[in-house]
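*Asks:* If it helps, the file is called target-v4.csv and holds CSV, C-alpha atoms:
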```csv
chain,number,residue,atom,x,y,z
X,3,MET,CA,7.4,-27.5,1.1
X,4,SER,CA,6.0,-26.0,4.3
X,5,ILE,CA,2.4,-24.9,4.0
X,6,SER,CA,1.7,-24.0,7.6
X,7,MET,CA,1.5,-20.4,8.8
X,8,ASN,CA,4.5,-19.5,10.9
X,9,SER,CA,3.5,-17.9,14.3
X,10,LYS,CA,6.8,-16.1,15.0
X,11,THR,CA,6.6,-12.4,15.0
X,12,GLN,CA,10.2,-11.3,15.7
X,13,SER,CA,12.1,-9.4,13.0
X,14,PHE,CA,13.1,-11.8,10.2
X,15,LEU,CA,14.0,-9.5,7.3
X,16,GLU,CA,15.9,-6.5,8.5
X,17,ILE,CA,16.7,-3.6,6.1
X,18,ASP,CA,19.2,-1.5,8.1
X,19,ASN,CA,20.0,2.1,7.0
X,20,LEU,CA,20.1,1.0,3.3
X,21,GLY,CA,21.3,3.6,0.8
X,22,LYS,CA,22.0,3.6,-2.9
X,23,GLN,CA,23.8,6.2,-5.0
X,24,TYR,CA,24.1,6.5,-8.7
X,25,ALA,CA,26.9,8.9,-9.8
X,26,GLY,CA,26.7,10.6,-6.5
X,27,VAL,CA,22.9,11.0,-6.6
X,28,ASP,CA,20.8,9.4,-3.8
X,29,ALA,CA,18.3,6.9,-5.2
X,30,LEU,CA,17.6,5.5,-1.7
X,31,LYS,CA,18.4,7.3,1.5
X,32,SER,CA,19.0,5.5,4.8
X,33,VAL,CA,15.9,3.2,4.6
X,34,SER,CA,15.3,1.0,7.7
X,35,ILE,CA,12.4,-1.5,7.8
X,36,ASP,CA,11.9,-4.7,9.9
X,37,VAL,CA,9.6,-7.4,8.7
X,38,GLU,CA,8.4,-10.3,11.0
X,39,GLU,CA,8.7,-13.8,9.8
X,40,GLY,CA,5.7,-14.7,7.7
X,41,GLY,CA,4.9,-10.9,7.2
X,42,PHE,CA,3.7,-9.3,4.0
X,43,LEU,CA,5.6,-6.0,3.4
X,44,VAL,CA,4.3,-3.8,0.6
X,45,LEU,CA,6.6,-1.1,-0.8
X,46,VAL,CA,4.4,1.6,-2.3
X,47,GLY,CA,4.9,5.0,-3.8
X,48,PRO,CA,4.9,6.9,-7.1
X,49,SER,CA,7.1,6.1,-10.0
X,50,GLY,CA,10.8,6.9,-9.3
X,51,CYS,CA,10.4,6.7,-5.5
X,52,GLY,CA,12.9,3.9,-5.1
X,53,LYS,CA,10.7,0.9,-4.4
X,54,SER,CA,12.0,-1.2,-7.2
X,55,THR,CA,15.6,-0.2,-6.4
X,56,LEU,CA,15.0,-1.4,-2.8
X,57,LEU,CA,13.5,-4.7,-4.0
X,58,ASN,CA,16.5,-5.3,-6.4
X,59,MET,CA,18.9,-4.6,-3.5
X,60,ILE,CA,17.1,-7.2,-1.4
X,61,ALA,CA,17.3,-9.7,-4.3
X,62,GLY,CA,21.0,-8.9,-4.9
X,63,PHE,CA,20.7,-7.4,-8.4
X,64,GLU,CA,21.9,-4.0,-7.1
X,65,PRO,CA,24.7,-3.6,-4.5
X,66,ALA,CA,24.0,-1.4,-1.6
X,67,THR,CA,26.1,1.8,-1.2
X,68,THR,CA,25.5,1.9,2.5
X,69,GLY,CA,23.7,-0.2,5.1
X,70,ASP,CA,22.9,-3.9,5.5
X,71,ILE,CA,20.3,-6.5,4.8
X,72,ARG,CA,19.8,-9.4,7.1
X,73,ILE,CA,17.6,-12.5,7.0
X,74,ALA,CA,17.2,-14.5,10.2
X,75,GLY,CA,20.0,-12.4,11.8
X,76,LYS,CA,22.5,-13.1,9.0
X,77,SER,CA,23.8,-10.5,6.6
X,78,ILE,CA,23.1,-11.2,2.9
X,79,ALA,CA,24.3,-7.9,1.6
X,80,ASP,CA,27.5,-9.4,0.1
X,81,LEU,CA,26.0,-12.7,-1.1
X,82,HIS,CA,25.4,-13.5,-4.8
X,83,PRO,CA,21.6,-13.5,-5.7
X,84,SER,CA,21.7,-17.3,-6.1
X,85,LYS,CA,23.0,-17.7,-2.5
X,86,ARG,CA,20.3,-15.5,-0.8
X,87,ASP,CA,17.5,-18.1,-0.8
X,88,ILE,CA,15.1,-15.6,-2.2
X,89,ALA,CA,12.7,-16.2,-5.1
X,90,MET,CA,11.5,-13.3,-7.3
X,91,VAL,CA,8.3,-13.0,-9.3
X,92,PHE,CA,8.6,-10.4,-12.1
X,93,GLN,CA,6.2,-8.1,-13.8
X,94,SER,CA,6.9,-9.6,-17.2
X,95,TYR,CA,6.4,-13.3,-16.2
X,96,ALA,CA,9.7,-14.1,-18.0
X,97,LEU,CA,8.5,-17.6,-19.1
X,98,TYR,CA,10.3,-19.7,-21.7
X,99,PRO,CA,8.0,-19.8,-24.7
X,100,ASN,CA,9.3,-23.1,-26.0
X,101,MET,CA,8.8,-25.0,-22.7
X,102,SER,CA,5.6,-26.4,-21.3
X,103,VAL,CA,4.1,-25.0,-18.0
X,104,ALA,CA,5.7,-28.0,-16.2
X,105,GLY,CA,9.0,-27.3,-17.9
X,106,ASN,CA,8.9,-23.7,-16.9
X,107,ILE,CA,8.1,-24.5,-13.3
X,108,GLY,CA,10.8,-27.2,-13.0
X,109,PHE,CA,13.5,-25.6,-15.1
X,110,GLY,CA,15.4,-24.1,-12.1
X,111,MET,CA,15.3,-27.4,-10.3
X,112,GLU,CA,16.6,-29.1,-13.4
X,113,THR,CA,19.6,-26.7,-13.7
X,114,ARG,CA,20.4,-27.4,-10.0
X,115,GLY,CA,20.5,-31.1,-10.6
X,116,VAL,CA,17.4,-32.0,-8.6
X,117,PRO,CA,16.4,-35.6,-9.4
X,118,LYS,CA,13.5,-36.0,-11.8
X,119,ALA,CA,11.2,-37.8,-9.4
X,120,GLU,CA,11.6,-35.0,-6.8
X,121,ARG,CA,11.1,-32.4,-9.5
X,122,LEU,CA,7.9,-33.9,-10.7
X,123,LYS,CA,6.6,-34.2,-7.1
X,124,LYS,CA,7.3,-30.6,-6.4
X,125,ILE,CA,5.7,-29.5,-9.8
X,126,ASP,CA,2.6,-31.4,-8.9
X,127,GLU,CA,2.4,-30.0,-5.4
X,128,VAL,CA,2.8,-26.4,-6.6
X,129,ALA,CA,0.3,-26.9,-9.5
X,130,SER,CA,-2.2,-28.1,-6.9
X,131,ILE,CA,-1.6,-25.1,-4.7
X,132,LEU,CA,-2.1,-22.7,-7.6
X,133,GLN,CA,-4.9,-24.8,-9.2
X,134,ILE,CA,-3.1,-25.0,-12.6
X,135,GLU,CA,-2.9,-28.9,-12.8
X,136,PRO,CA,-4.8,-28.9,-16.2
X,137,LEU,CA,-2.3,-26.4,-17.7
X,138,LEU,CA,0.9,-28.4,-17.1
X,139,LYS,CA,1.3,-29.5,-20.7
X,140,ARG,CA,0.4,-26.2,-22.3
X,141,LYS,CA,2.9,-23.6,-23.7
X,142,PRO,CA,2.9,-20.0,-22.4
X,143,ALA,CA,1.3,-18.7,-25.6
X,144,GLN,CA,-1.8,-20.8,-24.8
X,145,LEU,CA,-2.3,-19.2,-21.4
X,146,SER,CA,-4.2,-16.1,-20.3
X,147,GLY,CA,-2.3,-13.3,-18.4
X,148,GLY,CA,-3.6,-14.6,-15.1
X,149,GLN,CA,-2.5,-18.1,-15.9
X,150,ARG,CA,1.0,-17.0,-16.9
X,151,GLN,CA,1.3,-15.1,-13.6
X,152,ARG,CA,0.4,-18.3,-11.7
X,153,VAL,CA,3.1,-20.2,-13.6
X,154,ALA,CA,5.6,-17.5,-12.7
X,155,MET,CA,4.6,-17.8,-9.1
X,156,GLY,CA,4.8,-21.6,-9.4
X,157,ARG,CA,8.4,-21.3,-10.6
X,158,ALA,CA,9.2,-19.3,-7.5
X,159,LEU,CA,7.2,-21.6,-5.1
X,160,VAL,CA,9.1,-24.8,-6.0
X,161,ARG,CA,12.3,-23.3,-4.6
X,162,ASP,CA,10.7,-23.1,-1.1
X,163,PRO,CA,12.7,-19.9,-0.3
X,164,GLN,CA,13.0,-18.0,2.9
X,165,ALA,CA,11.3,-15.0,1.2
X,166,PHE,CA,9.4,-14.1,-1.9
X,167,LEU,CA,9.9,-10.8,-3.8
X,168,PHE,CA,7.1,-9.6,-6.1
X,169,ASP,CA,7.8,-6.7,-8.5
X,170,GLU,CA,4.5,-5.2,-9.6
X,171,PRO,CA,3.2,-8.7,-10.6
X,172,LEU,CA,-0.3,-7.6,-11.5
X,173,SER,CA,0.4,-4.5,-13.5
X,174,ASN,CA,0.0,-6.3,-16.9
X,175,LEU,CA,-3.4,-7.7,-16.1
X,176,ASP,CA,-6.8,-6.1,-16.8
X,177,ALA,CA,-8.9,-4.7,-13.9
X,178,ARG,CA,-11.0,-7.9,-13.2
X,179,LEU,CA,-7.9,-10.2,-13.3
X,180,ARG,CA,-6.0,-7.9,-11.0
X,181,VAL,CA,-8.8,-8.3,-8.4
X,182,ASP,CA,-8.9,-12.1,-8.8
X,183,MET,CA,-5.1,-12.5,-8.7
X,184,ARG,CA,-4.8,-10.1,-5.7
X,185,ALA,CA,-7.2,-12.5,-3.8
X,186,GLU,CA,-5.2,-15.5,-4.9
X,187,ILE,CA,-1.9,-14.0,-3.6
X,188,LYS,CA,-3.5,-13.1,-0.3
X,189,LYS,CA,-4.9,-16.7,0.1
X,190,LEU,CA,-1.5,-18.1,-1.0
X,191,HIS,CA,0.3,-16.1,1.7
X,192,ALA,CA,-2.2,-17.2,4.4
X,193,ARG,CA,-1.6,-20.8,3.3
X,194,LEU,CA,2.2,-20.8,3.0
X,195,GLY,CA,3.2,-18.2,5.7
X,196,THR,CA,6.3,-17.3,3.9
X,197,THR,CA,7.7,-13.7,4.2
X,198,ILE,CA,6.8,-11.6,1.2
X,199,VAL,CA,8.1,-8.2,0.0
X,200,TYR,CA,5.8,-6.8,-2.7
X,201,VAL,CA,6.2,-3.7,-4.9
X,202,THR,CA,3.3,-1.8,-6.3
X,203,HIS,CA,2.2,1.7,-7.1
X,204,ASP,CA,-1.4,0.7,-6.5
X,205,GLN,CA,-2.5,1.7,-3.0
X,206,ILE,CA,-5.5,-0.6,-3.1
X,207,GLU,CA,-3.2,-3.6,-3.6
X,208,ALA,CA,-1.1,-2.2,-0.7
X,209,MET,CA,-4.1,-1.8,1.7
X,210,THR,CA,-5.6,-5.2,0.9
X,211,LEU,CA,-2.5,-7.4,0.8
X,212,ALA,CA,0.0,-6.0,3.4
X,213,THR,CA,0.6,-6.8,7.0
X,214,LYS,CA,2.9,-3.8,6.9
X,215,ILE,CA,3.2,-0.9,4.4
X,216,ALA,CA,6.3,1.2,3.6
X,217,VAL,CA,5.6,4.5,1.8
X,218,LEU,CA,8.5,5.9,-0.2
X,219,LYS,CA,9.0,9.3,-1.8
X,220,LEU,CA,12.1,10.3,-3.8
X,221,GLY,CA,14.1,7.5,-2.1
X,222,GLU,CA,13.1,8.5,1.4
X,223,LEU,CA,10.9,6.4,3.7
X,224,GLN,CA,7.9,8.5,4.7
X,225,GLN,CA,6.1,6.0,7.0
X,226,VAL,CA,6.1,2.3,7.9
X,227,GLY,CA,3.0,0.8,9.6
X,228,THR,CA,0.0,-1.5,9.3
X,229,PRO,CA,-2.6,-0.6,6.7
X,230,ASP,CA,-4.8,0.8,9.4
X,231,GLU,CA,-2.0,3.0,10.8
X,232,ILE,CA,-1.1,4.3,7.3
X,233,TYR,CA,-4.7,5.1,6.4
X,234,ASN,CA,-6.0,6.5,9.7
X,235,ALA,CA,-2.8,8.1,11.1
X,236,PRO,CA,-0.7,9.3,8.1
X,237,ALA,CA,2.6,10.7,9.2
X,238,ASN,CA,2.5,13.6,6.8
X,239,THR,CA,0.6,15.2,4.0
X,240,PHE,CA,2.3,13.0,1.3
X,241,VAL,CA,1.1,9.8,2.9
X,242,ALA,CA,-2.3,11.3,3.5
X,243,ASP,CA,-2.6,12.3,-0.1
X,244,PHE,CA,-1.1,9.1,-1.6
X,245,MET,CA,-3.0,6.5,0.4
X,246,GLY,CA,-6.7,6.6,-0.2
X,247,SER,CA,-9.1,6.9,-3.2
X,248,PRO,CA,-10.2,9.6,-3.5
X,249,ALA,CA,-7.3,11.4,-1.9
X,250,MET,CA,-7.9,13.0,1.5
X,251,ASN,CA,-9.5,16.4,1.5
X,252,ARG,CA,-7.0,19.1,2.6
X,253,VAL,CA,-7.7,22.8,3.3
X,254,THR,CA,-5.4,25.4,4.8
X,255,GLY,CA,-6.8,27.5,7.5
X,256,GLN,CA,-6.3,28.6,11.2
X,257,LEU,CA,-7.0,27.1,14.6
X,258,GLU,CA,-8.7,29.6,16.9
X,259,PHE,CA,-10.2,29.6,20.4
X,260,SER,CA,-13.9,30.1,20.4
X,261,GLN,CA,-16.1,30.1,23.6
X,262,GLY,CA,-13.8,27.7,25.3
X,263,HIS,CA,-13.5,25.4,22.3
X,264,ILE,CA,-11.1,25.2,19.4
X,265,ASP,CA,-12.3,25.8,15.9
X,266,PHE,CA,-10.7,25.2,12.5
X,267,VAL,CA,-11.5,28.3,10.5
X,268,VAL,CA,-11.3,28.9,6.7
X,269,GLY,CA,-13.1,31.9,5.2
X,270,PRO,CA,-16.6,32.0,6.6
X,271,TYR,CA,-16.5,28.3,7.7
X,272,ARG,CA,-15.9,27.0,11.2
X,273,LEU,CA,-15.5,23.3,12.3
X,274,ARG,CA,-15.1,22.5,15.9
X,275,LEU,CA,-12.3,20.1,16.9
X,276,HIS,CA,-13.5,16.9,18.6
X,277,GLU,CA,-10.7,16.3,21.2
X,278,PRO,CA,-8.0,18.9,20.7
X,279,SER,CA,-4.5,18.0,21.8
X,280,GLU,CA,-2.0,20.2,23.7
X,281,GLU,CA,-0.3,21.0,20.4
X,282,HIS,CA,-3.6,22.0,18.9
X,283,ARG,CA,-4.2,24.4,21.9
X,284,GLU,CA,-0.7,25.9,21.5
X,285,ILE,CA,-1.3,26.6,17.8
X,286,ALA,CA,-4.8,28.0,18.5
X,287,ALA,CA,-3.3,30.4,21.2
X,288,ARG,CA,-1.5,32.2,18.4
X,289,SER,CA,-4.2,31.6,15.7
X,290,GLY,CA,-1.7,29.4,13.9
X,291,THR,CA,-2.0,28.2,10.3
X,292,VAL,CA,-2.6,24.4,9.7
X,293,ASP,CA,-3.6,22.0,7.0
X,294,PHE,CA,-6.9,20.4,7.9
X,295,GLY,CA,-7.5,16.9,6.4
X,296,ILE,CA,-10.6,14.7,6.3
X,297,ARG,CA,-11.5,11.7,4.1
X,298,ALA,CA,-14.5,11.6,1.9
X,299,GLU,CA,-16.2,8.9,3.9
X,300,ASN,CA,-16.1,11.1,7.0
X,301,ILE,CA,-18.2,13.8,5.3
X,302,SER,CA,-21.9,12.8,4.9
X,303,GLU,CA,-25.3,14.2,4.1
X,304,GLU,CA,-26.5,13.5,7.6
X,305,SER,CA,-24.7,13.2,11.0
X,306,GLY,CA,-26.2,10.0,12.3
X,307,ALA,CA,-27.0,9.4,16.0
X,308,GLU,CA,-23.7,7.6,16.5
X,309,ASN,CA,-21.6,10.3,14.8
X,310,THR,CA,-20.6,12.4,17.8
X,311,GLY,CA,-17.7,14.0,15.9
X,312,ALA,CA,-20.2,15.5,13.5
X,313,ALA,CA,-22.5,17.1,16.1
X,314,GLY,CA,-22.8,20.8,15.2
X,315,ASN,CA,-20.2,20.5,12.4
X,316,ALA,CA,-22.3,21.1,9.3
X,317,LEU,CA,-21.5,23.3,6.3
X,318,SER,CA,-23.8,24.4,3.5
X,319,LEU,CA,-21.8,24.0,0.3
X,320,GLN,CA,-22.5,24.1,-3.4
X,321,VAL,CA,-22.2,21.0,-5.5
X,322,ASP,CA,-19.7,21.2,-8.3
X,323,LEU,CA,-19.5,17.6,-9.5
X,324,VAL,CA,-21.5,14.4,-9.0
X,325,GLU,CA,-19.9,10.9,-9.5
X,326,PRO,CA,-22.2,7.9,-9.0
X,327,THR,CA,-20.2,4.7,-8.4
X,328,GLY,CA,-23.1,2.2,-7.8
X,329,SER,CA,-22.9,1.6,-4.1
X,330,ASP,CA,-22.0,5.2,-3.3
X,331,THR,CA,-22.0,8.6,-4.9
X,332,PHE,CA,-19.1,11.0,-4.6
X,333,ILE,CA,-19.9,14.7,-4.7
X,334,SER,CA,-17.4,17.5,-4.9
X,335,THR,CA,-18.1,21.0,-3.6
X,336,LYS,CA,-16.3,24.1,-4.6
X,337,ASP,CA,-16.2,27.8,-3.7
X,338,GLU,CA,-13.5,30.4,-3.3
X,339,HIS,CA,-12.5,29.2,0.2
X,340,ALA,CA,-12.5,25.4,0.1
X,341,VAL,CA,-12.9,22.3,-2.1
X,342,PHE,CA,-14.3,19.1,-0.5
X,343,THR,CA,-15.2,15.6,-1.8
X,344,ALA,CA,-17.9,13.7,0.2
X,345,ARG,CA,-19.1,10.1,-0.1
X,346,ILE,CA,-22.9,10.0,0.2
X,347,ALA,CA,-25.4,7.2,0.0
X,348,ASN,CA,-26.5,6.3,-3.5
X,349,HIS,CA,-30.2,7.0,-2.8
X,350,VAL,CA,-29.4,10.6,-2.0
X,351,LYS,CA,-29.8,12.7,-5.1
X,352,ALA,CA,-27.5,15.7,-5.6
X,353,THR,CA,-27.5,18.2,-8.5
X,354,VAL,CA,-24.7,20.3,-9.7
X,355,GLY,CA,-25.2,23.9,-8.7
X,356,GLU,CA,-27.5,23.2,-5.7
X,357,LYS,CA,-26.4,23.7,-2.1
X,358,VAL,CA,-26.2,20.7,0.3
X,359,GLU,CA,-25.7,20.5,4.0
X,360,LEU,CA,-22.7,18.2,4.8
X,361,PHE,CA,-21.7,17.0,8.2
X,362,PHE,CA,-18.0,16.7,9.1
X,363,ASP,CA,-17.0,13.9,11.5
X,364,MET,CA,-14.3,15.8,13.3
X,365,SER,CA,-13.4,12.8,15.4
X,366,LYS,CA,-11.8,11.6,12.2
X,367,ALA,CA,-10.1,14.9,11.3
X,368,HIS,CA,-6.4,15.3,10.7
X,369,PHE,CA,-4.2,18.3,11.1
X,370,PHE,CA,-0.8,18.9,9.6
X,371,ASP,CA,2.0,21.5,9.9
X,372,SER,CA,1.5,23.8,6.9
X,373,GLU,CA,5.3,24.1,6.3
X,374,SER,CA,6.7,20.7,7.0
X,375,GLY,CA,3.6,18.6,6.3
X,376,ARG,CA,4.1,16.7,9.6
X,377,ARG,CA,1.0,15.3,11.2
X,378,ILE,CA,0.1,17.2,14.4
X,379,PRO,CA,-0.9,14.6,17.0
```
Go through the file and emit its structure as structure tokens.
*Replies:*
Amino acid sequence: MSISMNSKTQSFLEIDNLGKQYAGVDALKSVSIDVEEGGFLVLVGPSGCGKSTLLNMIAGFEPATTGDIRIAGKSIADLHPSKRDIAMVFQSYALYPNMSVAGNIGFGMETRGVPKAERLKKIDEVASILQIEPLLKRKPAQLSGGQRQRVAMGRALVRDPQAFLFDEPLSNLDARLRVDMRAEIKKLHARLGTTIVYVTHDQIEAMTLATKIAVLKLGELQQVGTPDEIYNAPANTFVADFMGSPAMNRVTGQLEFSQGHIDFVVGPYRLRLHEPSEEHREIAARSGTVDFGIRAENISEESGAENTGAAGNALSLQVDLVEPTGSDTFISTKDEHAVFTARIANHVKATVGEKVELFFDMSKAHFFDSESGRRIP
């Protein structure tokens, strides 16, 4: 088993115009994604968006209606799942209750006729990697949820496949275990360097684990990019809303010229654009309607000396909700023109009903076409 990080970055897994239809209805529409060798692709989106369908097509459990899937340049679209050299970790663990941990991990090797000495060596090696050596003689019923997930991962690891597929592997765990296992998977990937495709509806998992994220909606690919690109340059309003907690603030208003500058205007409020693009200027020339977006962390109770995008961009707004979270406090403001959520320092006290002055870092603002939802660069 290789445990060194692979340094190659060329496309290794290629999903090429993949489509899937059920009774003439598109479940997946011309999806194309390239993953570098050793990459960690996370497929994310709401329930029913097609992410599990795509994973099952890579695994070979679902045939493609159109398109191709290639690993290392070779098509696997027509290969039986057992011939694809891919290992899958399921949400349900799928462990044999009557077998020990060692038996579960080694069962696949036993059915393939791997000699006992080699099986035991690989079981010990994988148990060491996953830190489950003391559990090898136990039955699944004697394990916690996190331990069962490690065993399921061990069963996949012993195959030393070209790629791993994870289908919402942490969704059955409680919140604390999810955080712990997320860290374990990230460390495991760094150690093994094997290509991983991972399905989740949890955008925190996506942001923390992925080298590349693919956001899906109703079978259509919305955006592919690094976590930073997805979060800081969302391709459209769907991605902007889905990625991030709390969701990005969005308000519909107009871009207008004002004293040689361009302002975003909604009701009585004006916010000056930091570095308007040519498209912003074209829209402002006709006082065009746009969706303005800004994340909660880019609205604060004070501008800060370094915060050039917030200079002069302050609004006095009434507090509608206060949510302390320990390290930070989120406040929501509301009036007839706009609703905003801001993240403020926990030492700042805010009271429902009072007015607060909030500074908007317009260097971090986003603008979207109000009809198509497309991000305006």
*Asks:* If I take atom CA of X:His339 and atom CA of X:Gly255, how far is one from the other in Å, to one decimal?
*Replies:*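 The value is 9.4 Å.
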*Asks:* Please provide the set of residues having any atom within 10 Å of X:Tyr95, restricted to only C-alpha atoms, with same-chain residues fewer than 4 positions apart removed, written as number ranges by chain.
*Replies:* X: 91, 142, 147, 150-155, 157, 171-172, 174
*Asks:* What separation in Å, quoted to one decimal, exists between atom CA of X:Thr331 and atom CA of X:Pro248?
*Replies:*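 About the pair atom CA of X:Thr331 and atom CA of X:Pro248: they are 11.9 Å apart.
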*Asks:* Taking all atoms listed in the file into account, name the residue in X:Ile73, X:Ala25, X:Val350, X:Leu56 that is nearest to X:Gln12.
*Replies:*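 Of all the options, X:Ile73 lies closest to X:Gln12.
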*Asks:* Quick one, how far is atom CA of X:Tyr233 from atom CA of X:Gln256?
*Replies:*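 Spanning atom CA of X:Tyr233 to atom CA of X:Gln256 is a straight-line distance of 24.0 Å.
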*Asks:* What's around X:Lys214 at 12 Å? Count only C-alpha atoms, leave out sequence neighbours fewer than 5 positions away in its own chain, and write the answer as a tab-separated table (two decimals) with C-alpha atoms, keeping the file's coordinate frame.
*Replies:*
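Ended up saving to out_8.tsv:
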```
chain	number	residue	atom	x	y	z
X	35	ILE	CA	12.40	-1.50	7.80
X	36	ASP	CA	11.90	-4.70	9.90
X	37	VAL	CA	9.60	-7.40	8.70
X	38	GLU	CA	8.40	-10.30	11.00
X	39	GLU	CA	8.70	-13.80	9.80
X	40	GLY	CA	5.70	-14.70	7.70
X	41	GLY	CA	4.90	-10.90	7.20
X	42	PHE	CA	3.70	-9.30	4.00
X	43	LEU	CA	5.60	-6.00	3.40
X	44	VAL	CA	4.30	-3.80	0.60
X	45	LEU	CA	6.60	-1.10	-0.80
X	46	VAL	CA	4.40	1.60	-2.30
X	197	THR	CA	7.70	-13.70	4.20
X	198	ILE	CA	6.80	-11.60	1.20
X	199	VAL	CA	8.10	-8.20	0.00
X	200	TYR	CA	5.80	-6.80	-2.70
X	208	ALA	CA	-1.10	-2.20	-0.70
X	209	MET	CA	-4.10	-1.80	1.70
X	225	GLN	CA	6.10	6.00	7.00
X	226	VAL	CA	6.10	2.30	7.90
X	227	GLY	CA	3.00	0.80	9.60
X	228	THR	CA	0.00	-1.50	9.30
X	229	PRO	CA	-2.60	-0.60	6.70
X	230	ASP	CA	-4.80	0.80	9.40
X	231	GLU	CA	-2.00	3.00	10.80
X	232	ILE	CA	-1.10	4.30	7.30
X	233	TYR	CA	-4.70	5.10	6.40
```
*Asks:* I need the residue nearest X:Ile88 from this list: X:Ser146, X:Gln261, X:Gln164, X:Asn315. Use only C-alpha atoms for the distance.
*Replies:*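 Ranked by minimum distance to X:Ile88, first place goes to X:Gln164.
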*Asks:* I'd like the contact shell of X:Asp28 - 12 Å cut-off, all atoms listed in the file, skipping same-chain residues fewer than 3 positions apart - returned as a PyMOL selection string.
*Replies:* chain X and resi 20-25+31-33+50-52+55+66-68+219-222
*Asks:* For X:Ile333, which residue among X:Leu317, X:Ile301, X:Leu179, X:Ala192 is the nearest when counting only C-alpha atoms?
*Replies:*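 Of the candidates, the smallest distance to X:Ile333 is held by X:Ile301.
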*Asks:* Measuring between all atoms listed in the file, which one of X:Val103, X:Val354, X:Leu273, X:Ala340 shows the shortest distance to X:Phe259?
*Replies:*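 The closest residue to X:Phe259 is X:Leu273.
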*Asks:* Nearest residue to X:Ala347 out of X:Met364, X:Ile134, X:Thr327, X:Gly62, using only C-alpha atoms?
*Replies:*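 Looking only at the distances to X:Ala347, the closest residue turns out to be X:Thr327.
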*Asks:* List the spatial neighbours of X:Pro379 as a list in words - criterion: any atom at most 12 Å away, all atoms listed in the file, same-chain residues fewer than 2 positions off excluded.
*Replies:*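 Surrounding residues, per the criterion: Ala235, Pro236, Ala237, Asn238, Glu277, Pro278, Ser279, Glu280, Glu281, His282, Arg283, Ala367, His368, Phe369, Phe370, Asp371, Arg376 and Arg377 of chain X.
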*Asks:* Closest to X:Val268 among X:Val253, X:Ser130, X:Asn348, X:Ser374, using all atoms listed in the file?
*Replies:* X:Val253
*Asks:* Would you kindly return, as a list in words, each protein, DNA or RNA residue with an atom no farther than 8 Å from any atom of X:Leu122, considering all atoms listed in the file and excluding same-chain residues fewer than 4 positions away?
*Replies:*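 So the residues in contact are Gly108, Lys118 and Asp126 of chain X.
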